[in-house]
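Asker: What follows is structure_4.txt, made up of compact mmCIF, C-alpha atoms and all ligand atoms:
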# COMPACT_ATOMS: atom_id res chain seq x y z
CA MET A 1 -45.18 -11.08 24.28
CA LYS A 2 -42.98 -12.64 26.94
CA ILE A 3 -44.38 -16.11 27.53
CA LEU A 4 -43.40 -18.43 30.36
CA VAL A 5 -44.53 -22.05 29.98
CA LEU A 6 -44.61 -24.12 33.15
CA ASN A 7 -44.44 -27.67 31.82
CA GLY A 8 -45.84 -29.79 34.64
CA SER A 9 -45.41 -33.13 32.90
CA PRO A 10 -42.68 -35.31 34.37
CA LYS A 11 -42.13 -36.54 30.80
CA ARG A 12 -40.56 -33.17 29.92
CA GLU A 13 -40.41 -32.64 26.12
CA GLY A 14 -41.95 -36.11 25.67
CA SER A 15 -45.21 -34.88 27.18
CA ASP A 16 -48.44 -35.61 25.31
CA THR A 17 -49.79 -32.27 26.50
CA MET A 18 -46.76 -30.36 25.23
CA HIS A 19 -47.78 -31.30 21.66
CA ILE A 20 -50.82 -29.08 22.22
CA THR A 21 -48.80 -26.36 23.94
CA ARG A 22 -46.15 -26.30 21.20
CA ALA A 23 -48.82 -26.06 18.48
CA PHE A 24 -50.40 -23.15 20.34
CA LEU A 25 -47.04 -21.37 20.64
CA GLU A 26 -46.34 -22.01 16.94
CA GLY A 27 -49.65 -20.35 16.08
CA MET A 28 -48.86 -17.39 18.32
CA SER A 29 -45.42 -17.04 16.73
CA GLU A 30 -46.92 -17.15 13.23
CA ALA A 31 -49.04 -14.11 14.13
CA ALA A 32 -46.27 -12.11 15.83
CA PRO A 33 -42.77 -12.67 17.24
CA GLN A 34 -42.91 -14.06 20.79
CA LYS A 35 -40.27 -14.47 23.48
CA ILE A 36 -40.87 -17.95 24.87
CA LYS A 37 -39.29 -19.68 27.86
CA ILE A 38 -40.23 -23.26 28.74
CA LEU A 39 -39.55 -24.52 32.25
CA ASN A 40 -39.64 -28.28 32.88
CA VAL A 41 -40.87 -28.05 36.46
CA ILE A 42 -39.68 -31.57 37.34
CA ASP A 43 -36.06 -30.40 36.88
CA SER A 44 -36.40 -27.46 39.27
CA HIS A 45 -35.53 -27.57 42.94
CA ILE A 46 -38.78 -26.52 44.59
CA GLU A 47 -39.24 -27.30 48.28
CA TYR A 48 -42.75 -27.74 49.64
CA CYS A 49 -44.40 -24.71 51.20
CA ARG A 50 -44.03 -24.96 55.00
CA GLY A 51 -47.17 -22.97 55.73
CA CYS A 52 -45.26 -20.56 58.01
CA PHE A 53 -46.69 -17.49 56.21
CA ALA A 54 -43.37 -15.67 56.74
CA CYS A 55 -43.45 -14.60 53.07
CA MET A 56 -46.79 -12.85 53.55
CA HIS A 57 -45.41 -10.52 56.22
CA ASN A 58 -41.90 -9.71 55.04
CA GLY A 59 -42.29 -8.34 51.53
CA GLY A 60 -42.40 -11.69 49.80
CA ILE A 61 -39.23 -13.56 50.75
CA CYS A 62 -39.74 -17.30 51.32
CA VAL A 63 -37.74 -19.09 54.00
CA HIS A 64 -36.62 -21.59 51.34
CA ASP A 65 -33.70 -20.43 49.20
CA ASP A 66 -34.25 -22.59 46.13
CA ASP A 67 -35.16 -22.26 42.43
CA MET A 68 -38.51 -20.71 43.29
CA ARG A 69 -36.90 -17.29 43.84
CA ALA A 70 -35.80 -17.11 40.19
CA ILE A 71 -39.09 -18.66 39.01
CA LEU A 72 -41.09 -15.94 40.80
CA GLU A 73 -38.94 -13.31 39.06
CA ASP A 74 -39.55 -15.02 35.71
CA ILE A 75 -43.30 -15.12 36.40
CA LEU A 76 -43.41 -11.40 37.20
CA ALA A 77 -41.34 -10.57 34.11
CA SER A 78 -43.81 -12.42 31.84
CA ASP A 79 -46.88 -11.21 30.00
CA LEU A 80 -48.45 -14.65 29.64
CA LEU A 81 -48.10 -17.60 31.98
CA ILE A 82 -49.04 -20.97 30.48
CA TRP A 83 -49.70 -23.84 32.89
CA SER A 84 -49.22 -26.92 30.70
CA PHE A 85 -49.86 -30.19 32.50
CA PRO A 86 -51.38 -33.65 32.30
CA LEU A 87 -54.42 -34.34 34.44
CA TYR A 88 -53.31 -36.40 37.46
CA CYS A 89 -56.05 -37.67 39.80
CA TYR A 90 -58.33 -34.89 38.47
CA GLY A 91 -55.80 -32.19 39.32
CA MET A 92 -52.28 -31.11 38.51
CA PRO A 93 -49.14 -33.24 39.06
CA ALA A 94 -47.51 -32.79 42.48
CA PRO A 95 -44.35 -30.93 41.34
CA LEU A 96 -46.48 -28.28 39.63
CA LYS A 97 -48.78 -28.05 42.65
CA ALA A 98 -45.68 -27.48 44.81
CA LEU A 99 -44.77 -24.59 42.49
CA LEU A 100 -48.31 -23.17 42.69
CA ASP A 101 -48.23 -23.29 46.51
CA ARG A 102 -44.91 -21.49 46.45
CA THR A 103 -46.39 -18.50 44.60
CA LEU A 104 -47.75 -17.43 48.03
CA PRO A 105 -45.04 -14.71 48.40
CA LEU A 106 -46.85 -12.79 45.66
CA SER A 107 -49.78 -12.32 48.07
CA SER A 108 -50.00 -10.54 51.41
CA MET A 109 -51.98 -11.78 54.41
CA ALA A 110 -54.55 -9.01 53.88
CA MET A 111 -57.78 -10.20 52.28
CA ARG A 112 -60.54 -8.36 50.47
CA LYS A 113 -63.98 -9.27 49.27
CA ALA A 114 -64.25 -9.82 45.52
CA GLY A 115 -67.90 -10.43 44.62
CA ASP A 116 -69.08 -13.26 46.88
CA ARG A 117 -65.60 -14.56 47.72
CA TYR A 118 -62.41 -13.37 49.37
CA GLU A 119 -58.98 -13.04 47.85
CA HIS A 120 -55.59 -11.99 49.14
CA VAL A 121 -54.30 -8.53 48.34
CA GLY A 122 -51.17 -8.74 46.18
CA GLN A 123 -47.76 -8.11 47.68
CA ALA A 124 -46.27 -7.87 44.20
CA ASP A 125 -47.90 -6.25 41.17
CA TYR A 126 -48.90 -9.03 38.79
CA SER A 127 -51.89 -7.22 37.30
CA HIS A 128 -50.22 -7.26 33.85
CA LEU A 129 -50.11 -11.08 33.78
CA ARG A 130 -52.42 -13.17 31.60
CA TYR A 131 -52.98 -16.82 32.39
CA MET A 132 -53.60 -19.94 30.35
CA MET A 133 -54.11 -23.57 31.29
CA ILE A 134 -53.43 -26.34 28.76
CA CYS A 135 -54.27 -29.79 30.07
CA GLY A 136 -54.27 -33.21 28.44
CA CYS A 137 -55.66 -36.39 29.92
CA GLY A 138 -55.82 -40.13 29.35
CA PHE A 139 -59.55 -40.81 29.55
CA PRO A 140 -61.75 -40.13 26.52
CA ASN A 141 -64.34 -38.17 28.52
CA ALA A 142 -63.96 -34.46 29.17
CA LYS A 143 -66.96 -34.31 31.53
CA HIS A 144 -66.51 -35.70 35.08
CA ASN A 145 -62.76 -35.43 34.58
CA PHE A 146 -61.30 -31.93 34.06
CA GLU A 147 -63.72 -30.04 36.36
CA PRO A 148 -61.60 -30.00 39.57
CA ALA A 149 -58.50 -28.74 37.73
CA VAL A 150 -60.55 -26.13 35.87
CA ALA A 151 -62.22 -24.96 39.12
CA GLN A 152 -58.84 -24.64 40.85
CA PHE A 153 -57.44 -22.63 37.94
CA ARG A 154 -60.46 -20.29 37.86
CA LEU A 155 -60.26 -19.66 41.62
CA CYS A 156 -56.49 -19.16 41.65
CA PHE A 157 -56.52 -16.85 38.63
CA PRO A 158 -59.81 -14.95 38.72
CA GLY A 159 -60.47 -12.46 35.96
CA GLY A 160 -60.76 -14.99 33.20
CA GLY A 161 -57.78 -17.01 32.02
CA THR A 162 -58.02 -19.15 28.89
CA ILE A 163 -58.43 -22.90 29.36
CA ILE A 164 -57.72 -25.65 26.82
CA THR A 165 -58.48 -29.22 27.91
CA VAL A 166 -58.03 -32.12 25.52
CA PRO A 167 -59.10 -35.70 26.26
CA GLU A 168 -57.46 -38.77 24.65
CA SER A 169 -54.13 -36.94 24.64
CA PRO A 170 -51.82 -40.01 24.62
CA MET A 171 -52.77 -40.12 20.92
CA PHE A 172 -50.51 -37.09 20.36
CA ASN A 173 -47.52 -39.35 20.93
CA ALA A 174 -48.85 -42.17 18.71
CA PRO A 175 -47.66 -41.76 15.09
CA GLU A 176 -50.49 -44.04 13.89
CA ALA A 177 -53.00 -41.49 15.23
CA ALA A 178 -51.58 -38.64 13.11
CA VAL A 179 -54.66 -38.72 10.88
CA VAL A 180 -56.71 -37.30 13.79
CA THR A 181 -54.04 -35.53 15.87
CA GLY A 182 -52.68 -33.58 12.86
CA PRO A 183 -55.98 -31.78 12.16
CA ARG A 184 -56.49 -31.20 15.90
CA LEU A 185 -53.07 -29.57 16.24
CA GLU A 186 -53.92 -27.43 13.20
CA LEU A 187 -56.97 -26.14 15.11
CA VAL A 188 -54.74 -25.42 18.11
CA ARG A 189 -52.33 -23.48 15.84
CA ALA A 190 -55.29 -21.43 14.58
CA ALA A 191 -56.25 -20.76 18.22
CA GLY A 192 -52.69 -19.59 18.91
CA ARG A 193 -52.82 -17.17 15.99
CA GLN A 194 -56.19 -15.88 17.17
CA TYR A 195 -54.97 -15.48 20.76
CA ALA A 196 -51.89 -13.53 19.64
CA GLU A 197 -54.13 -11.13 17.75
CA THR A 198 -57.11 -10.77 20.09
CA GLU A 199 -56.07 -12.36 23.43
CA GLU A 200 -59.11 -14.60 23.07
CA ILE A 201 -60.11 -17.84 21.38
CA ASP A 202 -63.41 -18.10 19.56
CA ALA A 203 -65.84 -20.25 21.62
CA ALA A 204 -66.70 -22.61 18.73
CA LEU A 205 -63.02 -23.20 17.94
CA LEU A 206 -62.26 -23.84 21.61
CA ALA A 207 -65.14 -26.32 21.85
CA ASP A 208 -63.78 -28.22 18.82
CA ILE A 209 -60.28 -28.34 20.32
CA CYS A 210 -61.58 -29.64 23.65
CA SER A 211 -63.73 -32.43 22.16
CA PRO A 212 -62.62 -36.08 21.83
CA MET A 213 -60.65 -36.75 18.64
CA ILE A 214 -62.28 -40.14 18.09
CA PRO A 215 -65.51 -41.52 19.60
CA GLU A 216 -65.11 -42.29 23.31
CA ASP A 217 -65.95 -46.02 23.00
CA THR A 218 -63.58 -46.49 20.07
CA TYR A 219 -60.77 -44.91 22.08
CA ALA A 220 -61.53 -47.08 25.13
CA GLU A 221 -61.66 -50.17 22.94
CA ILE A 222 -58.25 -49.37 21.36
CA VAL A 223 -56.68 -48.74 24.79
CA ASN A 224 -58.17 -51.94 26.23
CA ARG A 225 -56.88 -53.99 23.29
CA GLY A 226 -53.32 -53.07 24.32
CA VAL A 227 -53.80 -53.93 28.01
C1 LIG B 301 -50.63 -40.56 38.36
C2 LIG B 301 -51.51 -40.36 37.17
C3 LIG B 301 -52.82 -39.91 37.35
C4 LIG B 301 -53.66 -39.72 36.25
N1 LIG B 301 -54.93 -39.27 36.44
C5 LIG B 301 -55.75 -39.08 35.38
C6 LIG B 301 -57.07 -38.58 35.55
O1 LIG B 301 -57.51 -38.24 36.65
N2 LIG B 301 -57.86 -38.48 34.45
C7 LIG B 301 -57.41 -38.81 33.19
O2 LIG B 301 -58.17 -38.71 32.23
N3 LIG B 301 -56.14 -39.23 33.00
C8 LIG B 301 -55.30 -39.38 34.05
N4 LIG B 301 -54.01 -39.79 33.86
C9 LIG B 301 -53.51 -39.99 32.48
C10 LIG B 301 -52.69 -38.78 31.97
O3 LIG B 301 -53.38 -37.58 32.15
C11 LIG B 301 -52.38 -39.00 30.48
O4 LIG B 301 -51.57 -40.13 30.33
C12 LIG B 301 -51.74 -37.80 29.82
O5 LIG B 301 -51.84 -37.96 28.42
C13 LIG B 301 -50.28 -37.63 30.19
O6 LIG B 301 -49.84 -36.42 29.66
P1 LIG B 301 -48.31 -35.98 29.57
O7 LIG B 301 -47.66 -36.91 28.56
O8 LIG B 301 -48.38 -34.58 29.11
O9 LIG B 301 -47.68 -36.13 30.90
C14 LIG B 301 -53.16 -40.00 34.95
C15 LIG B 301 -51.84 -40.45 34.77
C16 LIG B 301 -51.02 -40.62 35.87
C17 LIG B 301 -49.60 -41.10 35.66
As structure tokens, please, write out the structure in this file.
Answerer:
Amino acid sequence: MKILVLNGSPKREGSDTMHITRAFLEGMSEAAPQKIKILNVIDSHIEYCRGCFACMHNGGICVHDDDMRAILEDILASDLLIWSFPLYCYGMPAPLKALLDRTLPLSSMAMRKAGDRYEHVGQADYSHLRYMMICGCGFPNAKHNFEPAVAQFRLCFPGGGTIITVPESPMFNAPEAAVVTGPRLELVRAAGRQYAETEEIDAALLADICSPMIPEDTYAEIVNRGV
């Protein structure tokens, strides 16, 4: 599989979330050889969408001539697109959101009804693409936290992408937490192997991966001790 990882953390390789993403990719690579490209979005030159809609009328060329042209080509050449990002204000970090906005040239202005909603008709053929979201966050609670980012992902990529959300993710960068992060990353590796073989992750395994690694109050107490 050709996999493109959009790393939306401004911490680049130092990202808490990328520990999860790397473990997933390791699992996938254990099951079968994969061609992986990781893009640190913060290092790309991506102008903000101007909202002119020129790209939706002219075959998909944006008025901005920046890194997004090559990124769109990379996206279309991929089989699996992984959006790896930390939760920021219940959504994705701004540089990654700028990239998402700039995928507009893939759509045309024409819209069609899909169930009880409308979606744009594609200007490019991206029907072969599979999508995944991997998101870490700083609070211990998964509920009342990830929902807006998950809803955005589901609406932007209808047809069922795979979503991994992990609370308490700063622990991935804390060596003293290895006793709990090690087993969690092992589960993520297993999920990667499973995904490479079946393009799905077993619901029980996914639920385990997305649960807090230590009890919520213990985590909050440890964080507050260091404040
Ligand atoms: C600007 C900003 C906004 C954040 N918003 C949230 C949030 O809404 N919910 C949450 O649980 N954590 C939030 N966090 C914490 C990060 O998600 C957390 O530190 C995460 O582990 C960082 O991941 P990374 O190392 O992959 O960038 C926020 C952090 C920053 C800097």
Asker: Please provide the set of residues having any atom within 8 Å of segment 14-23 of chain A, restricted to all atoms listed in the file, with same-chain residues fewer than 5 positions apart removed, written as a list of chain:residue names.
Answerer: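 Contacts, with the query itself left out: A:Asn7, A:Ser9, A:Ser84, A:Phe85, A:Pro86, A:Ile134, A:Cys135, A:Gly136, A:Cys137, A:Ser169, A:Pro170, A:Met171, A:Phe172, A:Asn173, A:Leu185, A:Glu186, A:Val188, A:Arg189, A:Gly192.
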Asker: Mind dumping a table of every segment 6-125 of chain A residue within 7 Å of segment 196-210 of chain A, with the nearest atom pair and its distance in Å to one decimal, using all atoms listed in the file, sorted by chain and rising number, as a Markdown table?
Answerer:
| residue | atom | partner | partner_atom | distance |
| --- | --- | --- | --- | --- |
| A:Met28 | CA | A:Ala196 | CA | 5.1 |
| A:Ala31 | CA | A:Ala196 | CA | 6.2 |
| A:Ala32 | CA | A:Ala196 | CA | 6.9 |
Asker: Report, in Å to a single decimal, how far apart atom CA of Leu76 of chain A and atom CA of Gly115 of chain A are.
Answerer: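 Calculated distance between atom CA of Gly115 of chain A and atom CA of Leu76 of chain A is 25.6 Å.
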Asker: Using all atoms listed in the file, pick whichever of A:Leu99, A:Ala114, A:Ala149, A:Ile3 has the shortest atom-to-atom distance to ligand LIG 301 (chain B).
Answerer: A:Ala149
Asker: To one decimal in Å, tell me the separation between atom CA of Ile214 of chain A and atom CA of Ala142 of chain A.
Answerer: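 Value for the atom CA of Ile214 of chain A-atom CA of Ala142 of chain A distance: 12.6 Å.
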Asker: So, with all atoms listed in the file as the atoms that count, which of A:Cys156, A:Ile222, A:Ile42, A:Val121 lies closest to ligand LIG 301 (chain B)?
Answerer: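 Using all atoms listed in the file, ligand LIG 301 (chain B) sits closest to A:Ile42.
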Asker: Do you have the atom CA of Lys2 of chain A-atom CA of Glu119 of chain A distance handy?
Answerer: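 Taking atom CA of Lys2 of chain A as the start and atom CA of Glu119 of chain A as the end point, the length is 26.3 Å.
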Asker: Could you name the residues that touch Gln152 of chain A at 12 Å or less, counting all atoms listed in the file, but leaving out those on the same chain fewer than 3 positions away, as a list in words?
Answerer: Tyr90, Gly91, Met92, Lys97, Leu100, Met133, Phe146, Glu147, Pro148, Ala149, Leu155, Cys156, Phe157, Pro158, Gly161 and Ile163 of chain A
Asker: So which one's closest to ligand LIG 301 (chain B), A:Leu4, A:Ala191, A:Met132, A:Val166? Using only C-alpha atoms and all ligand atoms, please.
Answerer: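 Smallest distance to ligand LIG 301 (chain B) is found for A:Val166.
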Asker: For Val41 of chain A, which residue out of A:His57, A:Lys143, A:Lys11, A:Arg69 is the nearest one, using all atoms listed in the file?
Answerer: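 Of all the options, A:Lys11 lies closest to Val41 of chain A.
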